[in-house]
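Student: What follows is a single structure, and I will ask about it in a moment.
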Amino acid sequence: MRNITEWKINSRQLLIMLLGSFLLAFSYYHINFQNGLSEGGFVGLALLGKYLFDLPPALTMLVLDIPIFILAVWLKGRKFIAHTLVASMSFSLFYELCDSFSPLRMDFGSNLLMAALLSGLLTGFGAGLVIRAGGATGGDDILSLMISQWSGLKIGTVFMTMDAIVLVVSLLYLPLKETMFTILAVMIAGQMITWTVQFGHRAPAPRRPVTYGMKKKTA
């Protein structure tokens with residue numbers, strides 16, 4: 001019975017994860033892809049492996065994801081993995097639906113600044129919703145969450161830093177202009193993730209020093 005409970009996802013969390021995954025898929029396809037913006041995270045590393053060593057991106061993604069998922073089962077529990085599987089599969093499904101059936105075109109032409117702003121806001125909000133609901137959309141997101149937990153850094157800062165590093169290295173084969181605007185989008189997304197995850201959560205009150213000879217007050 002306990003094992004079944006660990007894998008359960010309540011309806012509110014499910015709806016939030018589906019909304020977040022949809023926003024991510026919508027933004028990556030209609031804004032990033034249609035305007036030539038690049039990719040960070042494990043996708044960016046997989047494309048870099050293709051460029052440098054002619055490695056299949058799908059295989060590279062699998063090799064990167066599997067150890068992170070195994071580590072997450074051990075460190076974060078089965079419920080987190082259940083949430084992550086739902087979020088990642090729904091993201092893939094929504095992206096495929098956008099690619100196959102969406103008639104919408106959001107080509108901003110030479111206005112890559114607008115594309116970067118919209119991409120950062122929407123992808124950051126989408127990823128933040130998924131994290132807020134207790135999941136992630138891939139191995140790189142899981143790694144960012146664990147680094148944030150271990151280091152005490154804000155989750156958005158970790159996301160932004162990891163993506164920016166991959167994008168800077170990817171300048172080996174990516175065009176400079178589009179990559180710079182992608183880094184701007186990543187910076188906006190990082191801040192948006194932090195705001196979305198922390199919204200409505202009050203910061204813990206600072207601890208009062210305990211004076212010798214006095215009882216420690218409890219909340």
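In the structure tokens, the first chain shown is A, the next is B, and so on; residue numbers restart at 1 for each chain, and ligands run from 1 in the order shown.
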Residues at most 10 Å from Ser90 (chain A), counting only C-alpha atoms, excluding those fewer than 2 positions away in the same chain, as a list in words?
Tutor: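 Within the cut-off, the hits are Met17, Leu18, Leu19, Gly20, Ser21, Phe22, Ala25, Thr84, Leu85, Val86, Ala87, Ser88, Ser92, Leu93, Phe94, Tyr95, Glu96 and Thr137 of chain A.
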Student: Find the residues near region 159-175 of chain A: any atom within 7 Å, counting only C-alpha atoms, skip ones fewer than 3 places away on the same chain, and give them as a count of residues only.
Tutor: 14
Student: Could you check the closest approach to Phe101 (chain A) for each of A:Arg132, A:Lys154, A:Lys76, A:His30 and tell me which residue wins, using only C-alpha atoms?
Tutor: A:His30
Student: I need the residues in region 88-157 of chain A that are alpha helix (DSSP H) according to DSSP; give them as a ChimeraX atom specification.
Tutor: /A:88-101,112-132,139-151,155-157
Student: Got a sec: who's within 9 Å of Leu64 (chain A), counting only C-alpha atoms, leaving out chain neighbours fewer than 5 positions off, as a list of chain:residue names?
Tutor: A:Phe42, A:Ala46, A:Leu59, A:Gly139, A:Asp140
Student: Quick one: distance from CA of Gln34 (chain A) to CA of Ala136 (chain A) in Å, one decimal?
Tutor: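 Rounded to one decimal, the two atoms are 24.3 Å apart.
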Student: Determine, counting only C-alpha atoms, which protein, DNA and RNA residues have an atom within 12 Å of an atom of Pro103 (chain A); residues of the same chain fewer than 5 positions away are not included. Present the result as a PDB file with N, CA and C atoms, in the first residue's frame.
Tutor:
ATOM      1  N   TYR A  29       8.809  25.268 -29.359  1.00  0.00           N
ATOM      2  CA  TYR A  29       8.511  25.071 -30.777  1.00  0.00           C
ATOM      3  C   TYR A  29       8.195  26.395 -31.477  1.00  0.00           C
ATOM      4  N   HIS A  30       7.235  27.151 -30.927  1.00  0.00           N
ATOM      5  CA  HIS A  30       6.743  28.338 -31.624  1.00  0.00           C
ATOM      6  C   HIS A  30       7.659  29.558 -31.505  1.00  0.00           C
ATOM      7  N   LEU A  97       2.786  17.347 -30.894  1.00  0.00           N
ATOM      8  CA  LEU A  97       1.505  17.874 -31.384  1.00  0.00           C
ATOM      9  C   LEU A  97       1.683  19.248 -32.027  1.00  0.00           C
ATOM     10  N   CYS A  98       2.494  20.099 -31.383  1.00  0.00           N
ATOM     11  CA  CYS A  98       2.769  21.419 -31.967  1.00  0.00           C
ATOM     12  C   CYS A  98       3.460  21.272 -33.321  1.00  0.00           C
TER      13      CYS A  98
END
Student: From the set A:Ile70, A:Ile31, A:Ala82, A:Leu47, which residue has the shortest atom-to-atom contact distance to Ala116 (chain A), counting only C-alpha atoms?
Tutor: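 Looking only at the distances to Ala116 (chain A), the closest residue turns out to be A:Ile31.
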Student: Please identify all polymer residues within 8 Å of Ile142 (chain A), counting only C-alpha atoms, omitting same-chain residues fewer than 6 positions from it, and present them as a list in words.
Tutor: Ile68, Phe69, Ala72 and Ala136 of chain A
Student: Print the selection's residues with C-alpha atoms to a file, as a CSV table (one decimal), in the first residue's frame.
Tutor:
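And here's again.csv as it stands now:
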chain,number,residue,atom,x,y,z
A,68,ILE,CA,20.6,11.3,-13.2
A,69,PHE,CA,17.3,9.5,-13.0
A,72,ALA,CA,17.1,11.0,-8.3
A,136,ALA,CA,11.0,18.1,-13.6
Student: Please measure the separation of CA of Phe199 (chain A) and CA of Leu24 (chain A), giving the value in Å to one decimal.
Tutor: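 Separation between CA of Phe199 (chain A) and CA of Leu24 (chain A): 19.1 Å.
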Student: Tell me which of A:Leu55, A:Met180, A:Leu145, A:Leu62 sits closest to Ile131 (chain A), counting only C-alpha atoms.
Tutor: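 Once distances to Ile131 (chain A) are computed over only C-alpha atoms, the minimum belongs to A:Leu145.
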